[in-house]
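For reference, start-v1.tsv (TSV, C-alpha atoms (C1' of nucleotides)):
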```
chain	number	residue	atom	x	y	z
A	41	MET	CA	0.93	-7.65	-4.07
A	42	LYS	CA	-2.39	-6.26	-3.15
A	43	LEU	CA	-5.10	-4.96	-5.38
A	44	SER	CA	-6.68	-1.86	-3.84
A	45	THR	CA	-10.40	-1.54	-3.15
A	46	ARG	CA	-10.13	1.49	-5.39
A	47	THR	CA	-9.48	-0.73	-8.37
A	48	ARG	CA	-11.93	-3.43	-7.37
A	49	TYR	CA	-14.79	-1.08	-6.60
A	50	GLY	CA	-14.05	1.11	-9.58
A	51	MET	CA	-14.00	-1.81	-11.97
A	52	ARG	CA	-17.32	-3.07	-10.67
A	53	ALA	CA	-18.83	0.40	-10.96
A	54	LEU	CA	-17.73	0.59	-14.57
A	55	LEU	CA	-19.21	-2.80	-15.25
A	56	GLU	CA	-22.53	-1.66	-13.83
A	57	LEU	CA	-22.43	1.39	-16.05
A	58	ALA	CA	-21.70	-0.86	-19.00
A	59	LEU	CA	-24.68	-3.05	-18.16
A	60	ALA	CA	-26.81	0.09	-18.15
A	61	TYR	CA	-25.28	1.45	-21.33
A	62	ASN	CA	-27.91	3.15	-23.49
A	63	SER	CA	-30.47	3.15	-20.70
A	64	GLY	CA	-29.74	6.57	-19.30
A	65	PRO	CA	-27.45	7.66	-16.47
A	66	LEU	CA	-26.85	5.67	-13.31
A	67	GLN	CA	-26.41	7.45	-10.02
A	68	ILE	CA	-23.61	7.01	-7.52
A	69	LYS	CA	-26.21	6.27	-4.90
A	70	THR	CA	-27.62	3.40	-6.92
A	71	ILE	CA	-24.30	1.82	-7.73
A	72	ALA	CA	-23.07	2.20	-4.17
A	73	GLN	CA	-26.18	0.45	-2.93
A	74	HIS	CA	-25.86	-2.43	-5.37
A	75	GLN	CA	-22.18	-2.87	-4.60
A	76	ASN	CA	-22.62	-2.22	-0.92
A	77	ILE	CA	-19.87	0.37	-0.72
A	78	SER	CA	-19.66	3.89	0.67
A	79	ASN	CA	-21.40	6.57	-1.34
A	80	LYS	CA	-18.79	9.19	-0.71
A	81	TYR	CA	-15.90	6.90	-1.44
A	82	LEU	CA	-17.37	5.73	-4.71
A	83	GLU	CA	-17.94	9.36	-5.61
A	84	GLN	CA	-14.18	9.86	-5.53
A	85	LEU	CA	-13.44	6.76	-7.53
A	86	VAL	CA	-15.89	7.73	-10.23
A	87	ALA	CA	-14.31	11.16	-10.28
A	88	MET	CA	-11.04	9.47	-11.24
A	89	LEU	CA	-12.78	7.63	-14.03
A	90	LYS	CA	-14.24	10.90	-15.20
A	91	THR	CA	-10.89	12.68	-15.21
A	92	ALA	CA	-9.56	9.79	-17.29
A	93	GLY	CA	-12.37	10.31	-19.77
A	94	LEU	CA	-13.93	6.92	-19.20
A	95	VAL	CA	-17.26	8.21	-17.92
A	96	ARG	CA	-19.34	11.34	-18.42
A	97	SER	CA	-21.42	13.03	-15.75
A	98	ILE	CA	-24.83	14.63	-15.87
A	99	ARG	CA	-25.61	16.95	-13.00
A	100	GLY	CA	-28.89	17.81	-11.39
A	101	PRO	CA	-31.98	15.69	-10.81
A	102	HIS	CA	-32.13	12.52	-12.88
A	103	GLY	CA	-28.45	13.00	-13.51
A	104	GLY	CA	-25.71	10.50	-12.89
A	105	TYR	CA	-22.96	8.89	-14.89
A	106	VAL	CA	-22.74	7.18	-18.24
A	107	LEU	CA	-19.85	5.57	-20.06
A	108	SER	CA	-18.25	8.05	-22.41
A	109	LYS	CA	-17.56	5.33	-24.99
A	110	ALA	CA	-19.11	2.02	-25.95
A	111	PRO	CA	-18.08	-0.79	-23.57
A	112	LYS	CA	-16.17	-2.50	-26.34
A	113	ASP	CA	-14.02	0.61	-26.71
A	114	ILE	CA	-12.95	0.78	-23.09
A	115	ASN	CA	-9.78	-1.18	-22.63
A	116	LEU	CA	-9.08	-2.68	-19.23
A	117	VAL	CA	-5.51	-1.42	-19.21
A	118	ASP	CA	-6.81	2.12	-19.16
A	119	VAL	CA	-9.20	1.37	-16.35
A	120	PHE	CA	-6.52	-0.35	-14.34
A	121	LYS	CA	-3.98	2.40	-14.81
A	122	THR	CA	-6.51	5.03	-13.89
A	123	LEU	CA	-7.48	3.38	-10.64
A	124	GLU	CA	-4.40	1.48	-9.56
A	125	GLY	CA	-1.59	3.40	-11.18
A	126	PRO	CA	1.22	1.72	-13.13
A	127	VAL	CA	0.67	-1.98	-13.60
A	128	LEU	CA	3.83	-3.08	-11.80
A	129	THR	CA	5.83	-0.42	-10.07
A	130	VAL	CA	9.55	-1.04	-10.09
A	131	GLU	CA	11.32	2.16	-11.00
A	132	CYS	CA	13.88	0.53	-13.22
A	133	VAL	CA	11.32	-1.25	-15.37
A	134	ASP	CA	10.10	1.95	-16.97
A	135	ASP	CA	12.95	4.32	-16.31
A	136	GLU	CA	16.27	3.41	-17.85
A	137	THR	CA	18.16	6.10	-15.98
A	138	VAL	CA	17.70	4.92	-12.38
A	139	CYS	CA	20.27	2.18	-12.70
A	140	GLU	CA	23.53	2.09	-14.64
A	141	ASN	CA	23.22	-1.61	-15.06
A	142	HIS	CA	19.85	-1.41	-16.77
A	143	ALA	CA	20.69	-3.44	-19.85
A	144	ASP	CA	22.29	-6.35	-18.05
A	145	CYS	CA	20.18	-6.56	-14.91
A	146	ILE	CA	18.61	-9.98	-14.58
A	147	THR	CA	16.10	-9.29	-11.83
A	148	ARG	CA	14.88	-6.27	-13.75
A	149	ARG	CA	14.11	-8.58	-16.67
A	150	LEU	CA	12.09	-10.77	-14.38
A	151	TRP	CA	9.98	-7.82	-13.21
A	152	SER	CA	9.60	-6.74	-16.81
A	153	GLU	CA	8.31	-10.15	-17.76
A	154	ILE	CA	5.73	-10.06	-15.01
A	155	ASN	CA	4.77	-6.58	-16.08
A	156	GLU	CA	4.24	-7.78	-19.63
A	157	ALA	CA	2.22	-10.77	-18.51
A	158	ILE	CA	-0.20	-8.57	-16.60
A	159	LEU	CA	-0.42	-6.07	-19.42
A	160	ASN	CA	-1.14	-8.88	-21.77
A	161	VAL	CA	-4.18	-10.03	-19.79
A	162	LEU	CA	-5.53	-6.52	-19.47
A	163	SER	CA	-4.84	-5.10	-22.90
A	164	ASN	CA	-6.61	-7.97	-24.60
A	165	LYS	CA	-9.86	-7.18	-22.83
A	166	THR	CA	-12.48	-4.47	-22.84
A	167	ILE	CA	-15.37	-3.72	-20.55
A	168	GLY	CA	-17.48	-5.10	-23.37
A	169	ASP	CA	-15.84	-8.48	-22.92
A	170	LEU	CA	-16.74	-8.45	-19.26
A	171	VAL	CA	-20.33	-7.67	-20.13
A	172	GLU	CA	-20.40	-10.58	-22.56
A	173	MET	CA	-19.02	-12.95	-19.98
A	174	ASN	CA	-21.62	-11.70	-17.56
A	175	ASP	CA	-24.40	-12.23	-20.08
A	176	LYS	CA	-23.27	-15.76	-20.72
A	177	ASN	CA	-23.56	-16.41	-17.03
A	178	LYS	CA	-27.22	-15.44	-17.15
A	179	GLN	CA	-28.09	-15.52	-13.52
A	180	LYS	CA	-31.08	-14.56	-11.39
A	181	ASN	CA	-29.76	-11.20	-10.40
A	182	SER	CA	-27.88	-9.43	-13.14
A	183	TYR	CA	-26.57	-6.80	-10.77
A	184	GLN	CA	-24.51	-9.24	-8.77
A	185	ILE	CA	-21.24	-8.57	-10.49
B	116	MET	CA	0.77	-2.26	-7.90
B	117	LYS	CA	4.09	-1.86	-6.30
B	118	LEU	CA	6.81	-4.38	-5.80
B	119	SER	CA	8.37	-3.90	-2.37
B	120	THR	CA	12.06	-3.37	-1.82
B	121	ARG	CA	11.77	-6.46	0.33
B	122	THR	CA	11.17	-8.57	-2.74
B	123	ARG	CA	13.63	-6.76	-4.94
B	124	TYR	CA	16.48	-6.78	-2.44
B	125	GLY	CA	15.71	-10.32	-1.34
B	126	MET	CA	15.70	-11.65	-4.88
B	127	ARG	CA	19.03	-9.99	-5.60
B	128	ALA	CA	20.52	-11.39	-2.41
B	129	LEU	CA	19.44	-14.89	-3.39
B	130	LEU	CA	20.94	-14.44	-6.81
B	131	GLU	CA	24.25	-13.45	-5.22
B	132	LEU	CA	24.12	-16.53	-3.05
B	133	ALA	CA	23.43	-18.60	-6.14
B	134	LEU	CA	26.43	-17.10	-7.93
B	135	ALA	CA	28.52	-18.09	-4.93
B	136	TYR	CA	26.99	-21.53	-4.68
B	137	ASN	CA	29.62	-24.14	-3.73
B	138	SER	CA	32.18	-21.50	-2.81
B	139	GLY	CA	31.41	-21.27	0.88
B	140	PRO	CA	29.10	-18.96	2.80
B	141	LEU	CA	28.50	-15.32	1.92
B	142	GLN	CA	28.04	-12.76	4.66
B	143	ILE	CA	25.23	-10.28	5.01
B	144	LYS	CA	27.79	-7.53	5.16
B	145	THR	CA	29.27	-8.54	1.82
B	146	ILE	CA	25.96	-8.80	0.03
B	147	ALA	CA	24.71	-5.55	1.51
B	148	GLN	CA	27.83	-3.81	0.29
B	149	HIS	CA	27.56	-5.20	-3.21
B	150	GLN	CA	23.90	-4.35	-3.44
B	151	ASN	CA	24.32	-1.04	-1.65
B	152	ILE	CA	21.55	-1.67	0.83
B	153	SER	CA	21.29	-1.48	4.61
B	154	ASN	CA	22.99	-4.26	6.53
B	155	LYS	CA	20.37	-4.48	9.20
B	156	TYR	CA	17.51	-4.44	6.76
B	157	LEU	CA	18.99	-7.16	4.61
B	158	GLU	CA	19.53	-9.19	7.78
B	159	GLN	CA	15.78	-9.29	8.25
B	160	LEU	CA	15.05	-10.17	4.66
B	161	VAL	CA	17.50	-13.04	4.72
B	162	ALA	CA	15.90	-14.20	7.96
B	163	MET	CA	12.65	-14.56	6.01
B	164	LEU	CA	14.41	-16.62	3.39
B	165	LYS	CA	15.85	-18.77	6.13
B	166	THR	CA	12.48	-19.36	7.78
B	167	ALA	CA	11.18	-20.40	4.38
B	168	GLY	CA	14.00	-22.92	4.10
B	169	LEU	CA	15.59	-21.30	1.08
B	170	VAL	CA	18.91	-20.50	2.75
B	171	ARG	CA	20.95	-21.96	5.57
B	172	SER	CA	23.02	-19.98	8.04
B	173	ILE	CA	26.40	-20.58	9.57
B	174	ARG	CA	27.16	-18.60	12.71
B	175	GLY	CA	30.40	-17.30	14.06
B	176	PRO	CA	33.52	-16.08	12.27
B	177	HIS	CA	33.71	-17.08	8.62
B	178	GLY	CA	30.02	-17.82	8.84
B	179	GLY	CA	27.31	-16.44	6.61
B	180	TYR	CA	24.59	-17.82	4.41
B	181	VAL	CA	24.38	-20.46	1.72
B	182	LEU	CA	21.53	-21.68	-0.43
B	183	SER	CA	19.89	-24.71	1.14
B	184	LYS	CA	19.25	-26.28	-2.27
B	185	ALA	CA	20.83	-26.11	-5.69
B	186	PRO	CA	19.83	-22.94	-7.60
B	187	LYS	CA	17.93	-25.03	-10.13
B	188	ASP	CA	15.74	-26.37	-7.34
B	189	ILE	CA	14.67	-23.01	-6.00
B	190	ASN	CA	11.51	-21.96	-7.75
B	191	LEU	CA	10.82	-18.24	-8.08
B	192	VAL	CA	7.23	-18.62	-6.91
B	193	ASP	CA	8.50	-19.71	-3.53
B	194	VAL	CA	10.89	-16.81	-3.32
B	195	PHE	CA	8.22	-14.35	-4.31
B	196	LYS	CA	5.65	-15.68	-1.88
B	197	THR	CA	8.17	-15.66	0.92
B	198	LEU	CA	9.14	-12.05	0.42
B	199	GLU	CA	6.09	-10.41	-1.06
B	200	GLY	CA	3.27	-12.58	0.22
B	201	PRO	CA	0.45	-13.88	-1.97
B	202	VAL	CA	1.03	-13.12	-5.63
B	203	LEU	CA	-2.11	-11.05	-6.11
B	204	THR	CA	-4.11	-10.26	-3.04
B	205	VAL	CA	-7.82	-10.11	-3.60
B	206	GLU	CA	-9.59	-12.02	-0.87
B	207	CYS	CA	-12.14	-13.61	-3.15
B	208	VAL	CA	-9.56	-15.06	-5.51
B	209	ASP	CA	-8.33	-17.59	-3.01
B	210	ASP	CA	-11.17	-17.76	-0.53
B	211	GLU	CA	-14.48	-18.95	-1.90
B	212	THR	CA	-16.38	-18.06	1.24
B	213	VAL	CA	-15.94	-14.27	1.28
B	214	CYS	CA	-18.50	-13.69	-1.43
B	215	GLU	CA	-21.74	-15.53	-2.11
B	216	ASN	CA	-21.45	-14.72	-5.73
B	217	HIS	CA	-18.08	-16.37	-6.10
B	218	ALA	CA	-18.88	-18.65	-9.01
B	219	ASP	CA	-20.51	-16.01	-11.19
B	220	CYS	CA	-18.41	-12.96	-10.40
B	221	ILE	CA	-16.85	-11.55	-13.52
B	222	THR	CA	-14.36	-9.15	-11.98
B	223	ARG	CA	-13.11	-11.95	-9.74
B	224	ARG	CA	-12.34	-13.94	-12.86
B	225	LEU	CA	-10.33	-11.06	-14.19
B	226	TRP	CA	-8.23	-10.89	-11.03
B	227	SER	CA	-7.82	-14.63	-11.17
B	228	GLU	CA	-6.54	-14.44	-14.69
B	229	ILE	CA	-3.96	-11.84	-13.72
B	230	ASN	CA	-2.99	-13.98	-10.78
B	231	GLU	CA	-2.47	-16.96	-13.07
B	232	ALA	CA	-0.46	-14.93	-15.53
B	233	ILE	CA	1.98	-13.83	-12.84
B	234	LEU	CA	2.20	-17.31	-11.38
B	235	ASN	CA	2.92	-18.62	-14.82
B	236	VAL	CA	5.95	-16.38	-15.25
B	237	LEU	CA	7.30	-17.23	-11.82
B	238	SER	CA	6.61	-20.94	-11.59
B	239	ASN	CA	8.41	-21.62	-14.83
B	240	LYS	CA	11.65	-20.20	-13.50
B	241	THR	CA	14.24	-21.07	-10.91
B	242	ILE	CA	17.12	-19.14	-9.42
B	243	GLY	CA	19.24	-21.36	-11.62
B	244	ASP	CA	17.63	-19.86	-14.71
B	245	LEU	CA	18.50	-16.39	-13.47
B	246	VAL	CA	22.10	-17.48	-12.98
B	247	GLU	CA	22.19	-18.83	-16.53
B	248	MET	CA	20.82	-15.62	-17.94
B	249	ASN	CA	23.40	-13.75	-15.96
B	250	ASP	CA	26.21	-15.94	-17.26
B	251	LYS	CA	25.10	-15.40	-20.81
B	252	ASN	CA	25.37	-11.69	-20.22
B	253	LYS	CA	29.06	-12.09	-19.34
B	254	GLN	CA	29.87	-8.63	-18.19
B	255	LYS	CA	32.84	-6.92	-16.58
B	256	ASN	CA	31.51	-7.10	-13.09
B	257	SER	CA	29.67	-10.28	-12.32
B	258	TYR	CA	28.34	-8.91	-9.06
B	259	GLN	CA	26.28	-6.24	-10.75
B	260	ILE	CA	23.01	-8.09	-10.71
C	183	DT	C1'	-38.13	31.26	-9.21
C	184	DA	C1'	-37.50	28.29	-5.42
C	185	DA	C1'	-36.80	23.50	-3.83
C	186	DG	C1'	-34.63	19.59	-4.27
C	187	DA	C1'	-31.60	16.25	-6.46
C	188	DA	C1'	-27.65	15.26	-8.07
C	189	DT	C1'	-22.47	15.94	-8.97
C	190	DA	C1'	-17.94	18.61	-7.60
C	191	DC	C1'	-14.53	19.94	-4.62
C	192	DT	C1'	-11.61	19.99	-0.64
C	193	DA	C1'	-10.05	18.73	3.73
C	194	DC	C1'	-9.43	15.62	7.40
C	195	DT	C1'	-8.35	11.04	9.69
C	196	DA	C1'	-7.60	6.26	11.63
C	197	DA	C1'	-5.34	2.20	10.48
C	198	DT	C1'	-1.96	-0.22	8.09
C	199	DT	C1'	2.24	-1.03	5.73
C	200	DT	C1'	6.88	-0.05	4.35
C	201	DA	C1'	11.51	0.53	4.93
C	202	DC	C1'	14.19	1.03	7.64
C	203	DT	C1'	17.32	1.99	12.51
C	204	DA	C1'	19.01	0.30	16.93
C	205	DG	C1'	20.69	-2.54	20.52
C	206	DG	C1'	22.04	-6.36	22.46
C	207	DA	C1'	21.98	-11.73	22.93
C	208	DA	C1'	23.68	-16.12	21.28
C	209	DT	C1'	26.97	-18.87	18.84
C	210	DT	C1'	31.23	-20.21	16.86
C	211	DT	C1'	36.08	-19.94	15.63
C	212	DA	C1'	40.87	-19.06	16.45
D	115	DT	C1'	38.75	-15.22	25.82
D	116	DA	C1'	38.19	-11.97	21.97
D	117	DA	C1'	36.27	-11.20	17.82
D	118	DA	C1'	33.12	-12.16	14.20
D	119	DT	C1'	29.12	-13.38	12.84
D	120	DT	C1'	24.04	-14.51	13.00
D	121	DC	C1'	19.61	-13.99	15.87
D	122	DC	C1'	15.95	-11.60	18.05
D	123	DT	C1'	13.06	-7.87	19.36
D	124	DA	C1'	11.54	-3.33	19.51
D	125	DG	C1'	10.91	1.16	17.80
D	126	DT	C1'	9.77	4.74	14.19
D	127	DA	C1'	9.09	8.18	10.31
D	128	DA	C1'	6.85	8.43	6.08
D	129	DA	C1'	3.58	6.98	2.84
D	130	DT	C1'	-0.64	4.88	1.46
D	131	DT	C1'	-5.29	3.23	1.93
D	132	DA	C1'	-9.90	3.52	2.72
D	133	DG	C1'	-12.60	5.94	4.02
D	134	DT	C1'	-15.72	10.30	6.48
D	135	DA	C1'	-17.45	14.97	6.31
D	136	DG	C1'	-19.04	19.30	4.80
D	137	DT	C1'	-20.15	22.50	1.61
D	138	DA	C1'	-20.45	24.44	-3.17
D	139	DT	C1'	-22.24	24.07	-7.71
D	140	DT	C1'	-25.35	22.78	-11.32
D	141	DC	C1'	-29.59	21.40	-13.28
D	142	DT	C1'	-34.57	20.09	-13.42
D	143	DT	C1'	-39.15	20.68	-12.49
D	144	DA	C1'	-43.17	22.18	-10.17
```
If you convert what's in this file into structure tokens, what do you get?
Amino acid sequence: MKLSTRTRYGMRALLELALAYNSGPLQIKTIAQHQNISNKYLEQLVAMLKTAGLVRSIRGPHGGYVLSKAPKDINLVDVFKTLEGPVLTVECVDDETVCENHADCITRRLWSEINEAILNVLSNKTIGDLVEMNDKNKQKNSYQI
Amino acid sequence: MKLSTRTRYGMRALLELALAYNSGPLQIKTIAQHQNISNKYLEQLVAMLKTAGLVRSIRGPHGGYVLSKAPKDINLVDVFKTLEGPVLTVECVDDETVCENHADCITRRLWSEINEAILNVLSNKTIGDLVEMNDKNKQKNSYQI
DNA sequence: TAAGAATACTACTAATTTACTAGGAATTTA
DNA sequence: TAAATTCCTAGTAAATTAGTAGTATTCTTA
């Protein structure tokens, strides 16, 4: 299974915004430069985060983006689902109607277990936790995330 | 993240072979019929399992495929990696050289944790465990897996 | 009030991957 | 030798990814 750049870039962008929380908006341009990714592409990713209500935008000069909630209130499941889509896509895991044998299907249970395991990692963490881990690391360049 | 039909079909095929373990070879045709999937497609998936040493083939009339080891000796990690590829693909998780900031990168740690969580589910299980679960279910049609 | 800086919106595209289909060669049994 | 089976290779339509591109809109400030 492959994690899309969408999710990886988007997560890093959010982390940057969290590091700049309460210090005014951060611009796409700035983040893109730090992360060394395409301006225009990041624009689209951040738009997804905005639609999901995770960030707020401020237009015009000195505008940019800010987190719409405190880092500790942004759960990683929500970020992941916004950027990547469902955690593990196997139709039958979420939809009982696709297969008559839903209740008894053994492989389905396996996929469900994996699904739960991933959810478990993500739902126990917030962007705030990532920030804390980053702080503990205390390195030369705090923008290398 | 999406689980490919490759992995889903392949896992079900292996489970069928495990249910028929010690009762002679099972043909592609038969499995494909039971599972309601394309003959030719399944042929290719089983070829992958063969290359990985998980099944053995017998050519000619009355031929088919058999597990190359006892179900309890076939770990699900191996099956998954054979069919789906690396568990969670993020270059930096496995390759330390892609990113200078490897040691300190927080998002990388997150992906690693997810990777571990999935591995943990899979490496603790064998095809034999799936067979046991299936037996416990004891349903009308034992081929509905 | 005009210029400029930023986001917002929409469309396009090359490359890759997926999920097959198709055809015939090789092998084995009866 | 005929038939049944696996083995091998090639092709392909559809979807997805990872962008690029252009222009419209909004807001600030001189």
>> So that I can check the surroundings of DA201 in chain C, please list as an MDAnalysis selection string every protein, DNA and RNA residue that reaches within 9 Å of it, counting only C-alpha atoms (C1' of nucleotides) and ignoring chain neighbours fewer than 6 positions away.
In response: chainID B and resid 120:121 156
Fit chain B to chain A, using all C-alpha atoms paired in sequence order for the least-squares superposition, and then show me the result as a compact mmCIF listing (two decimals) with C-alpha atoms, in the frame of the given file.
```
# COMPACT_ATOMS: atom_id res chain seq x y z
CA MET B 116 0.94 -7.65 -4.03
CA LYS B 117 -2.39 -6.28 -3.15
CA LEU B 118 -5.11 -5.01 -5.38
CA SER B 119 -6.69 -1.92 -3.83
CA THR B 120 -10.38 -1.59 -3.16
CA ARG B 121 -10.10 1.44 -5.40
CA THR B 122 -9.48 -0.79 -8.38
CA ARG B 123 -11.93 -3.46 -7.38
CA TYR B 124 -14.79 -1.10 -6.60
CA GLY B 125 -14.03 1.08 -9.60
CA MET B 126 -13.99 -1.84 -12.00
CA ARG B 127 -17.32 -3.08 -10.67
CA ALA B 128 -18.83 0.39 -10.97
CA LEU B 129 -17.74 0.59 -14.60
CA LEU B 130 -19.22 -2.80 -15.28
CA GLU B 131 -22.54 -1.63 -13.84
CA LEU B 132 -22.42 1.42 -16.06
CA ALA B 133 -21.71 -0.84 -19.01
CA LEU B 134 -24.70 -3.03 -18.17
CA ALA B 135 -26.80 0.12 -18.15
CA TYR B 136 -25.27 1.47 -21.32
CA ASN B 137 -27.90 3.19 -23.50
CA SER B 138 -30.47 3.20 -20.71
CA GLY B 139 -29.72 6.63 -19.30
CA PRO B 140 -27.43 7.71 -16.49
CA LEU B 141 -26.83 5.71 -13.33
CA GLN B 142 -26.39 7.48 -10.02
CA ILE B 143 -23.58 7.03 -7.55
CA LYS B 144 -26.15 6.28 -4.91
CA THR B 145 -27.61 3.43 -6.94
CA ILE B 146 -24.29 1.84 -7.75
CA ALA B 147 -23.05 2.20 -4.19
CA GLN B 148 -26.16 0.47 -2.95
CA HIS B 149 -25.87 -2.40 -5.39
CA GLN B 150 -22.21 -2.87 -4.65
CA ASN B 151 -22.65 -2.24 -0.94
CA ILE B 152 -19.89 0.32 -0.73
CA SER B 153 -19.65 3.84 0.67
CA ASN B 154 -21.36 6.55 -1.35
CA LYS B 155 -18.75 9.16 -0.69
CA TYR B 156 -15.88 6.85 -1.43
CA LEU B 157 -17.34 5.68 -4.70
CA GLU B 158 -17.90 9.33 -5.61
CA GLN B 159 -14.15 9.83 -5.54
CA LEU B 160 -13.40 6.72 -7.53
CA VAL B 161 -15.85 7.68 -10.23
CA ALA B 162 -14.26 11.13 -10.28
CA MET B 163 -11.00 9.42 -11.24
CA LEU B 164 -12.74 7.59 -14.04
CA LYS B 165 -14.20 10.87 -15.20
CA THR B 166 -10.84 12.64 -15.22
CA ALA B 167 -9.51 9.76 -17.29
CA GLY B 168 -12.33 10.29 -19.78
CA LEU B 169 -13.90 6.90 -19.22
CA VAL B 170 -17.24 8.21 -17.93
CA ARG B 171 -19.29 11.34 -18.42
CA SER B 172 -21.38 13.03 -15.75
CA ILE B 173 -24.76 14.66 -15.84
CA ARG B 174 -25.54 16.99 -12.96
CA GLY B 175 -28.79 17.83 -11.30
CA PRO B 176 -31.91 15.73 -10.73
CA HIS B 177 -32.07 12.60 -12.85
CA GLY B 178 -28.38 13.06 -13.47
CA GLY B 179 -25.66 10.52 -12.87
CA TYR B 180 -22.93 8.89 -14.88
CA VAL B 181 -22.70 7.20 -18.24
CA LEU B 182 -19.84 5.57 -20.08
CA SER B 183 -18.20 8.04 -22.44
CA LYS B 184 -17.54 5.32 -25.02
CA ALA B 185 -19.10 2.02 -25.97
CA PRO B 186 -18.09 -0.81 -23.58
CA LYS B 187 -16.18 -2.52 -26.36
CA ASP B 188 -14.00 0.56 -26.73
CA ILE B 189 -12.94 0.75 -23.11
CA ASN B 190 -9.77 -1.22 -22.67
CA LEU B 191 -9.09 -2.73 -19.25
CA VAL B 192 -5.50 -1.48 -19.22
CA ASP B 193 -6.79 2.06 -19.17
CA VAL B 194 -9.19 1.32 -16.37
CA PHE B 195 -6.51 -0.40 -14.35
CA LYS B 196 -3.96 2.34 -14.82
CA THR B 197 -6.49 4.97 -13.91
CA LEU B 198 -7.46 3.34 -10.65
CA GLU B 199 -4.41 1.42 -9.57
CA GLY B 200 -1.59 3.35 -11.20
CA PRO B 201 1.24 1.70 -13.13
CA VAL B 202 0.68 -2.01 -13.59
CA LEU B 203 3.82 -3.11 -11.77
CA THR B 204 5.80 -0.45 -10.03
CA VAL B 205 9.52 -1.01 -10.06
CA GLU B 206 11.27 2.20 -10.98
CA CYS B 207 13.84 0.56 -13.21
CA VAL B 208 11.27 -1.22 -15.35
CA ASP B 209 10.03 1.96 -16.95
CA ASP B 210 12.86 4.37 -16.30
CA GLU B 211 16.18 3.48 -17.86
CA THR B 212 18.06 6.17 -16.00
CA VAL B 213 17.61 4.99 -12.40
CA CYS B 214 20.19 2.25 -12.71
CA GLU B 215 23.43 2.21 -14.67
CA ASN B 216 23.16 -1.48 -15.06
CA HIS B 217 19.80 -1.31 -16.76
CA ALA B 218 20.62 -3.33 -19.85
CA ASP B 219 22.26 -6.24 -18.04
CA CYS B 220 20.15 -6.48 -14.91
CA ILE B 221 18.60 -9.90 -14.58
CA THR B 222 16.10 -9.22 -11.82
CA ARG B 223 14.84 -6.21 -13.76
CA ARG B 224 14.09 -8.52 -16.65
CA LEU B 225 12.09 -10.72 -14.35
CA TRP B 226 9.97 -7.79 -13.18
CA SER B 227 9.57 -6.72 -16.77
CA GLU B 228 8.31 -10.12 -17.73
CA ILE B 229 5.72 -10.06 -14.96
CA ASN B 230 4.73 -6.59 -16.04
CA GLU B 231 4.23 -7.80 -19.60
CA ALA B 232 2.23 -10.79 -18.48
CA ILE B 233 -0.23 -8.61 -16.58
CA LEU B 234 -0.45 -6.11 -19.41
CA ASN B 235 -1.15 -8.95 -21.76
CA VAL B 236 -4.18 -10.09 -19.78
CA LEU B 237 -5.55 -6.58 -19.49
CA SER B 238 -4.85 -5.16 -22.92
CA ASN B 239 -6.63 -8.02 -24.62
CA LYS B 240 -9.88 -7.24 -22.85
CA THR B 241 -12.49 -4.52 -22.85
CA ILE B 242 -15.38 -3.74 -20.55
CA GLY B 243 -17.48 -5.12 -23.37
CA ASP B 244 -15.86 -8.52 -22.94
CA LEU B 245 -16.74 -8.47 -19.26
CA VAL B 246 -20.34 -7.67 -20.14
CA GLU B 247 -20.41 -10.60 -22.56
CA MET B 248 -19.03 -12.96 -19.97
CA ASN B 249 -21.63 -11.70 -17.57
CA ASP B 250 -24.43 -12.24 -20.08
CA LYS B 251 -23.30 -15.77 -20.70
CA ASN B 252 -23.58 -16.40 -17.00
CA LYS B 253 -27.27 -15.46 -17.11
CA GLN B 254 -28.09 -15.49 -13.46
CA LYS B 255 -31.07 -14.53 -11.34
CA ASN B 256 -29.76 -11.16 -10.38
CA SER B 257 -27.92 -9.40 -13.14
CA TYR B 258 -26.61 -6.75 -10.79
CA GLN B 259 -24.55 -9.19 -8.80
CA ILE B 260 -21.28 -8.55 -10.53
```
> What are the residues of chain B that have an atom within 9 Å of an atom of chain D, counting all atoms listed in the file, as a VMD selection string?
Replying inline: chain B and resid 142 158 162 172 to 179
Mind running chain C against chain B at 7 Å and telling me each contacting residue's nearest atom pair with the distance in Å (one decimal), counting all atoms listed in the file, chain and number ascending, as a tab-separated table?
```
residue	atom	partner	partner_atom	distance
C:DC202	C1'	B:Tyr156	CA	6.5
C:DT209	C1'	B:Gly175	CA	6.1
C:DT210	C1'	B:Gly175	CA	4.1
C:DT211	C1'	B:Pro176	CA	5.7
```
> Distance CA of Arg96 in chain A-CA of Asn164 in chain A, one decimal place?
Replying inline: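 Interatomic distance here is 23.9 Å.
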> What does the distance between CA of Leu54 in chain A and C1' of DC191 in chain C come to in Å, to one decimal place?
Replying inline: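 Atom-to-atom, CA of Leu54 in chain A and C1' of DC191 in chain C are spaced 22.0 Å apart.
Computed from the coordinates, the CA of Pro140 in chain B to CA of Val181 in chain B distance equals 5.1 Å.
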Let me have the centre and edge lengths in Å, one decimal, of the box along x, y and z around every listed atom of range 116-135 of chain D with 4 Å of margin on each side, as JSON.
```
{"center_x": 10.4, "center_y": 0.2, "center_z": 11.7, "size_x": 63.6, "size_y": 37.5, "size_z": 28.5}
```
